[in-house]
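Chemist: Here it is, the structure in full.
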Amino acid sequence: MTAVLRRLQSQVGYIPEKPTGNNLSPWRFSDFLGQQKTEYFQSLVRGHVVLNLEYTVFCSKLANEIISNNARVHSKEYDEELSEQIATALVLSELLTHIYRHYLGVPREVARLEEEQKIYRAWLQRYYQFSEKEATIPGEKENNATQPPGFFTQKVRDTTAWLNWPRLFSVRTRRVFTTLIQIPQVKDFQYLYRFVVFADQFANPVLTYVSWIFYVPRFLVNLILLLKHLIPGPWFEAEEKELSWFTRLQAQLQRRWFELGNDTVWLTGGLLNCFVLTGALAPIGMYLTISLFLFDALWAGLRAFIELGRLKELDSQYARIHEQLTSNGSAAPAEIKELEEYQQALQQRMSFERRRLMLSVISTCASFVGMCLAIPALTNPVITFIGAVIVITITLLTYLKVQELEKQRPANNIRALAEPKYAAILKREGLFNCQDTKDATAVPENEFTTNSGMIIPRMC
């Protein structure tokens, strides 16, 4: 049994049948899920974030193992171990698909997982018998295929994230120049002073409106989707209706709490600064802005605490499983080895998430310190200018570090295994070699011609 299925056994309660001899075992997990009642899925829905993380780490490990070992000659034992891991990936994928389709309503994730399932089933056709509907060629598309539902929601999130950096640089660069010209010595440079004053007549109103309009699309999308899954209506799946209200709330907040909290506070602050705290009340607006930076630091810290705590708890569970298996000797050496490899992959993911989350905490805390130098009570314009320079410098350094971290993000290469060269490798290793299996339906190598081309969404 693989490490992931061993940890989830108390919740999932299913182990794929192992083929015996030359007979194909029917794949029964889809039917198994269809027979379960809502009570079975309650805890899985609440823990879907962890389940999705485990699946992602497992797939990354599996794909990297196949790709890195593609030139080696493998034994029958290795072939069986690999097929067991692929079957585990299919179990996790079908379980997540069921949850996303019937309980969370995320069609984009359903489409992604179904594409990956085509690859798993093609690999496993030597060992398992799938229905005609399930046994689909990787990369094959329906004639009436369209953009999967949920694309607009993801597009709003991606566009918001992409526009965030230009917005930050624009607002903070403007502040550098507006504080610079307040220094008495700089005012003597008439051309610079007049240019900044002239440009700010246009930049200030635009950026003031941008400060709250920017958050509206993502805030509305998250709020509407939250209410959609809390207020019963004809849009509910029959299965989702049977979930308790608290479970639905918990599941949706796990997906949206950080963005909803962040956007609510900054949208409110932007509206106040734009329409209320103007003129004589402008100094109060500066105190409000500094408070928003403090909120950013606290919110980033809370996010790091929750997400890293979740990862540490998951890692500790696998550590306990490892200790239990090694102490009582109930597992085969191959199972111990697979568990240790999964622990290593999980720790690599933890290392990346720790760096990503701590970067956010450090940058928001440093930005708050820089903004504190803009307190109206500090009448020295040089100090205010230094604070503005600190904030823009931190923004630039954070941007560069984020770009560097993105290149180090652990990749899920499962989709790459639908390419012809890996289909040929798996055939050579025996997963597609069905000469000794009379009832097997081989998938022709030339049908692995294209990938689906779908972009796989980030998981933090």
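Residue numbering restarts at 1 for every chain of the structure tokens, chains are lettered A, B, ... in their displayed order, and ligands are numbered from 1 as they appear.
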With only C-alpha atoms as the counted atoms, please give the residues lying no more than 9 Å from segment 12-28 of chain A, apart from itself and same-chain residues fewer than 3 positions off, as number ranges by chain.

Modeler: A: 1, 5, 8-9, 31-33, 40-41, 44, 84, 87-88, 91, 95, 125-131, 436-440

Chemist: Could you write out the selected residues, including N, CA and C atoms, as a short mmCIF file (atom, residue, chain, number, x, y, z; two decimals), in the first residue's frame?

Modeler:
```cif
data_model
loop_
_atom_site.label_atom_id
_atom_site.label_comp_id
_atom_site.auth_asym_id
_atom_site.auth_seq_id
_atom_site.Cartn_x
_atom_site.Cartn_y
_atom_site.Cartn_z
N MET A 1 0.85 -1.20 0.00
CA MET A 1 0.00 0.00 0.00
C MET A 1 0.88 1.25 0.00
N LEU A 5 -2.35 6.37 0.52
CA LEU A 5 -3.53 5.55 0.80
C LEU A 5 -3.50 5.02 2.22
N LEU A 8 -4.80 7.80 4.40
CA LEU A 8 -6.20 8.11 4.15
C LEU A 8 -7.13 6.92 4.36
N GLN A 9 -6.58 5.77 4.76
CA GLN A 9 -7.38 4.56 4.79
C GLN A 9 -8.59 4.69 5.70
N ASP A 31 -17.47 3.34 -9.05
CA ASP A 31 -18.74 2.81 -8.54
C ASP A 31 -18.78 2.88 -7.02
N PHE A 32 -17.64 2.65 -6.39
CA PHE A 32 -17.56 2.72 -4.93
C PHE A 32 -17.94 4.12 -4.44
N LEU A 33 -17.42 5.16 -5.09
CA LEU A 33 -17.75 6.53 -4.69
C LEU A 33 -19.23 6.83 -4.90
N TYR A 40 -20.04 10.14 4.30
CA TYR A 40 -18.71 9.67 3.92
C TYR A 40 -17.83 10.82 3.46
N PHE A 41 -18.43 11.81 2.81
CA PHE A 41 -17.65 12.89 2.20
C PHE A 41 -17.49 14.11 3.10
N LEU A 44 -13.95 14.61 4.16
CA LEU A 44 -13.12 14.79 2.97
C LEU A 44 -13.31 16.18 2.37
N GLU A 84 1.09 0.21 -9.02
CA GLU A 84 0.39 0.47 -7.77
C GLU A 84 0.35 1.97 -7.47
N ALA A 87 -2.11 3.58 -9.83
CA ALA A 87 -3.47 3.30 -9.36
C ALA A 87 -3.84 4.21 -8.19
N THR A 88 -2.88 4.48 -7.30
CA THR A 88 -3.12 5.40 -6.19
C THR A 88 -3.41 6.80 -6.71
N VAL A 91 -6.92 6.85 -7.92
CA VAL A 91 -7.87 6.89 -6.80
C VAL A 91 -8.00 8.31 -6.26
N LEU A 95 -11.31 10.73 -6.51
CA LEU A 95 -11.89 11.22 -5.27
C LEU A 95 -12.00 12.75 -5.29
N GLN A 125 -4.10 0.04 -18.43
CA GLN A 125 -4.96 -0.87 -19.20
C GLN A 125 -4.44 -2.29 -19.25
N ARG A 126 -3.20 -2.49 -18.91
CA ARG A 126 -2.68 -3.86 -18.85
C ARG A 126 -3.17 -4.60 -17.62
N TYR A 127 -3.53 -3.83 -16.58
CA TYR A 127 -3.87 -4.43 -15.29
C TYR A 127 -5.34 -4.32 -14.93
N TYR A 128 -6.00 -3.26 -15.41
CA TYR A 128 -7.39 -3.02 -15.01
C TYR A 128 -8.28 -2.87 -16.24
N GLN A 129 -9.53 -3.21 -16.04
CA GLN A 129 -10.52 -3.07 -17.09
C GLN A 129 -11.39 -1.86 -16.77
N PHE A 130 -11.41 -0.90 -17.69
CA PHE A 130 -12.18 0.33 -17.50
C PHE A 130 -13.38 0.33 -18.45
N SER A 131 -14.40 1.06 -18.08
CA SER A 131 -15.55 1.21 -18.97
C SER A 131 -15.16 2.03 -20.18
N ASP A 436 0.99 -10.70 -23.55
CA ASP A 436 0.71 -11.84 -22.69
C ASP A 436 -0.63 -11.72 -22.01
N THR A 437 -1.45 -10.74 -22.41
CA THR A 437 -2.75 -10.53 -21.80
C THR A 437 -3.80 -10.51 -22.89
N LYS A 438 -4.56 -11.58 -22.99
CA LYS A 438 -5.46 -11.73 -24.12
C LYS A 438 -6.59 -10.71 -24.10
N ASP A 439 -7.09 -10.39 -22.91
CA ASP A 439 -8.26 -9.53 -22.83
C ASP A 439 -7.93 -8.06 -22.77
N ALA A 440 -6.64 -7.72 -22.76
CA ALA A 440 -6.25 -6.31 -22.61
C ALA A 440 -6.46 -5.58 -23.91
#
```

Chemist: Neighbouring residues of segment 103-113 of chain A were defined as those with any atom within 10 Å, considering only C-alpha atoms; residues of the same chain fewer than 4 positions away were excluded. Please report them as a PyMOL selection string.

Modeler: chain A and resi 38+41-42+45+48+90+92-99+117-118+147-154+225+228-229+235-243+248+251-252+255+415+452+454-457

Chemist: Could you check which of A:Leu51, A:Leu405, A:Ala297, A:Ile375 is closest to Ala282 of chain A, using only C-alpha atoms?

Modeler: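 The closest residue to Ala282 of chain A is A:Ile375.
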
Chemist: Need the shell around segment 326-339 of chain A: protein/DNA/RNA residues with any atom at most 12 Å away, counting only C-alpha atoms. Skip same-chain ones fewer than 4 positions apart. Format as a ChimeraX atom specification?

Modeler: /A:1-7,58,61-62,65,77-78,80-82,84-85,315,317-322,343-346

Chemist: Would you put the residues from that selection into a file with N, CA and C atoms, as a PDB file, in the first residue's frame?

Modeler:
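out27.pdb, written as the output of this step:
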```pdb
ATOM      1  N   MET A   1       0.845  -1.196   0.000  1.00  0.00           N
ATOM      2  CA  MET A   1       0.000   0.000   0.000  1.00  0.00           C
ATOM      3  C   MET A   1       0.880   1.245   0.000  1.00  0.00           C
ATOM      4  N   THR A   2       0.516   2.231  -0.814  1.00  0.00           N
ATOM      5  CA  THR A   2       1.307   3.455  -0.876  1.00  0.00           C
ATOM      6  C   THR A   2       1.086   4.291   0.382  1.00  0.00           C
ATOM      7  N   ALA A   3       1.999   5.231   0.611  1.00  0.00           N
ATOM      8  CA  ALA A   3       1.959   6.036   1.830  1.00  0.00           C
ATOM      9  C   ALA A   3       0.681   6.859   1.925  1.00  0.00           C
ATOM     10  N   VAL A   4       0.260   7.457   0.818  1.00  0.00           N
ATOM     11  CA  VAL A   4      -0.922   8.322   0.843  1.00  0.00           C
ATOM     12  C   VAL A   4      -2.169   7.516   1.170  1.00  0.00           C
ATOM     13  N   LEU A   5      -2.347   6.366   0.516  1.00  0.00           N
ATOM     14  CA  LEU A   5      -3.527   5.546   0.796  1.00  0.00           C
ATOM     15  C   LEU A   5      -3.504   5.015   2.224  1.00  0.00           C
ATOM     16  N   ARG A   6      -2.319   4.753   2.745  1.00  0.00           N
ATOM     17  CA  ARG A   6      -2.221   4.277   4.129  1.00  0.00           C
ATOM     18  C   ARG A   6      -2.706   5.355   5.093  1.00  0.00           C
ATOM     19  N   ARG A   7      -2.321   6.613   4.853  1.00  0.00           N
ATOM     20  CA  ARG A   7      -2.763   7.697   5.738  1.00  0.00           C
ATOM     21  C   ARG A   7      -4.263   7.938   5.615  1.00  0.00           C
ATOM     22  N   PHE A  58       2.241  13.876  -4.577  1.00  0.00           N
ATOM     23  CA  PHE A  58       2.366  12.490  -5.033  1.00  0.00           C
ATOM     24  C   PHE A  58       2.574  12.437  -6.547  1.00  0.00           C
ATOM     25  N   LYS A  61       6.099  13.577  -7.513  1.00  0.00           N
ATOM     26  CA  LYS A  61       7.070  12.512  -7.234  1.00  0.00           C
ATOM     27  C   LYS A  61       6.981  11.405  -8.276  1.00  0.00           C
ATOM     28  N   LEU A  62       5.757  11.007  -8.605  1.00  0.00           N
ATOM     29  CA  LEU A  62       5.555   9.920  -9.566  1.00  0.00           C
ATOM     30  C   LEU A  62       6.081  10.292 -10.948  1.00  0.00           C
ATOM     31  N   GLU A  65       9.864  10.503 -11.043  1.00  0.00           N
ATOM     32  CA  GLU A  65      10.476   9.172 -11.005  1.00  0.00           C
ATOM     33  C   GLU A  65      10.455   8.523 -12.385  1.00  0.00           C
ATOM     34  N   GLU A  77       9.120  -6.506 -10.693  1.00  0.00           N
ATOM     35  CA  GLU A  77       8.733  -5.959  -9.387  1.00  0.00           C
ATOM     36  C   GLU A  77       8.574  -4.441  -9.462  1.00  0.00           C
ATOM     37  N   TYR A  78       9.518  -3.789 -10.139  1.00  0.00           N
ATOM     38  CA  TYR A  78       9.415  -2.336 -10.288  1.00  0.00           C
ATOM     39  C   TYR A  78       8.167  -1.977 -11.079  1.00  0.00           C
ATOM     40  N   GLU A  80       5.368  -3.558 -11.198  1.00  0.00           N
ATOM     41  CA  GLU A  80       4.197  -3.710 -10.338  1.00  0.00           C
ATOM     42  C   GLU A  80       4.107  -2.574  -9.318  1.00  0.00           C
ATOM     43  N   GLU A  81       5.255  -2.167  -8.762  1.00  0.00           N
ATOM     44  CA  GLU A  81       5.260  -1.047  -7.817  1.00  0.00           C
ATOM     45  C   GLU A  81       4.798   0.236  -8.501  1.00  0.00           C
ATOM     46  N   LEU A  82       5.266   0.433  -9.731  1.00  0.00           N
ATOM     47  CA  LEU A  82       4.875   1.634 -10.464  1.00  0.00           C
ATOM     48  C   LEU A  82       3.385   1.622 -10.766  1.00  0.00           C
ATOM     49  N   GLU A  84       1.094   0.208  -9.024  1.00  0.00           N
ATOM     50  CA  GLU A  84       0.386   0.474  -7.770  1.00  0.00           C
ATOM     51  C   GLU A  84       0.353   1.973  -7.470  1.00  0.00           C
ATOM     52  N   GLN A  85       1.448   2.663  -7.732  1.00  0.00           N
ATOM     53  CA  GLN A  85       1.488   4.107  -7.511  1.00  0.00           C
ATOM     54  C   GLN A  85       0.580   4.842  -8.493  1.00  0.00           C
ATOM     55  N   ASP A 315       3.061  16.412   7.760  1.00  0.00           N
ATOM     56  CA  ASP A 315       4.382  15.784   7.817  1.00  0.00           C
ATOM     57  C   ASP A 315       4.522  14.918   9.067  1.00  0.00           C
ATOM     58  N   GLN A 317       2.139  13.366  10.611  1.00  0.00           N
ATOM     59  CA  GLN A 317       1.338  12.150  10.440  1.00  0.00           C
ATOM     60  C   GLN A 317       2.110  11.090   9.667  1.00  0.00           C
ATOM     61  N   TYR A 318       2.804  11.508   8.617  1.00  0.00           N
ATOM     62  CA  TYR A 318       3.607  10.548   7.853  1.00  0.00           C
ATOM     63  C   TYR A 318       4.802  10.064   8.675  1.00  0.00           C
ATOM     64  N   ALA A 319       5.342  10.926   9.522  1.00  0.00           N
ATOM     65  CA  ALA A 319       6.444  10.503  10.394  1.00  0.00           C
ATOM     66  C   ALA A 319       5.970   9.427  11.371  1.00  0.00           C
ATOM     67  N   ARG A 320       4.753   9.584  11.897  1.00  0.00           N
ATOM     68  CA  ARG A 320       4.210   8.572  12.811  1.00  0.00           C
ATOM     69  C   ARG A 320       3.953   7.249  12.083  1.00  0.00           C
ATOM     70  N   ILE A 321       3.476   7.348  10.840  1.00  0.00           N
ATOM     71  CA  ILE A 321       3.266   6.128  10.047  1.00  0.00           C
ATOM     72  C   ILE A 321       4.594   5.417   9.816  1.00  0.00           C
ATOM     73  N   HIS A 322       5.630   6.190   9.497  1.00  0.00           N
ATOM     74  CA  HIS A 322       6.954   5.608   9.259  1.00  0.00           C
ATOM     75  C   HIS A 322       7.479   4.927  10.523  1.00  0.00           C
ATOM     76  N   GLN A 343       7.886  11.252   1.850  1.00  0.00           N
ATOM     77  CA  GLN A 343       8.227  12.206   2.908  1.00  0.00           C
ATOM     78  C   GLN A 343       9.237  13.233   2.404  1.00  0.00           C
ATOM     79  N   GLN A 344      10.206  12.765   1.642  1.00  0.00           N
ATOM     80  CA  GLN A 344      11.206  13.683   1.094  1.00  0.00           C
ATOM     81  C   GLN A 344      10.564  14.686   0.141  1.00  0.00           C
ATOM     82  N   ALA A 345       9.652  14.217  -0.720  1.00  0.00           N
ATOM     83  CA  ALA A 345       8.960  15.116  -1.646  1.00  0.00           C
ATOM     84  C   ALA A 345       8.093  16.113  -0.887  1.00  0.00           C
ATOM     85  N   LEU A 346       7.437  15.651   0.179  1.00  0.00           N
ATOM     86  CA  LEU A 346       6.601  16.538   0.987  1.00  0.00           C
ATOM     87  C   LEU A 346       7.443  17.597   1.683  1.00  0.00           C
TER      88      LEU A 346
END
```

Chemist: Pick the closest to Thr384 of chain A from A:Val197, A:Val369, A:Ala89, A:Leu226: which is it, counting only C-alpha atoms?

Modeler: A:Val369

Chemist: For a test of reading the model, state the distance in Å between atom CA of Leu163 of chain A and atom CA of Val57 of chain A, rounded to one decimal.

Modeler: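 Taking atom CA of Leu163 of chain A and atom CA of Val57 of chain A, their separation equals 29.3 Å.
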
Chemist: Where in segment 24-263 of chain A does DSSP assign alpha helix (DSSP H), given as JSON, numbers by chain?

Modeler: {"A": [29, 30, 31, 32, 33, 34, 35, 38, 39, 40, 41, 42, 43, 44, 45, 46, 48, 49, 50, 51, 52, 53, 54, 55, 56, 57, 58, 59, 60, 61, 62, 63, 64, 65, 66, 67, 68, 76, 77, 78, 79, 80, 81, 82, 83, 84, 85, 86, 87, 88, 89, 90, 91, 92, 93, 94, 95, 96, 97, 98, 99, 107, 108, 109, 110, 111, 112, 113, 114, 115, 116, 117, 118, 119, 120, 121, 122, 123, 151, 152, 153, 154, 155, 156, 157, 158, 159, 160, 161, 162, 163, 164, 165, 166, 167, 168, 169, 170, 171, 172, 173, 174, 175, 176, 177, 178, 179, 180, 184, 185, 186, 187, 190, 191, 192, 193, 194, 195, 196, 197, 198, 199, 200, 201, 202, 203, 204, 205, 206, 207, 208, 209, 210, 211, 212, 213, 216, 217, 218, 219, 220, 221, 222, 223, 224, 225, 226, 227, 228, 229, 230, 238, 239, 240, 241, 245, 246, 247, 248, 249, 250, 251, 252, 253, 254, 255, 256, 257, 258, 259, 260, 261, 262, 263]}

Chemist: Mind pulling up the distance from atom CA of Phe368 of chain A to atom CA of Gly387 of chain A?

Modeler: 9.6 Å

Chemist: Could you list, as a list in words, every residue within 10 Å of Leu357 of chain A, counting only C-alpha atoms and ignoring same-chain residues fewer than 4 positions away?

Modeler: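 With the cut-off at 10 Å, the set is Ala300, Gly301, Arg303, Ala304, Phe305, Glu307, Leu308, Phe352, Glu353, Val361, Ile362 and Cys460 of chain A.
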
Chemist: Nearest to Asp296 of chain A among A:Gly47, A:Pro376, A:Pro232, A:Gly261, with distances taken over only C-alpha atoms: which residue is it?

Modeler: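 Closest to Asp296 of chain A, using only C-alpha atoms: A:Gly261.
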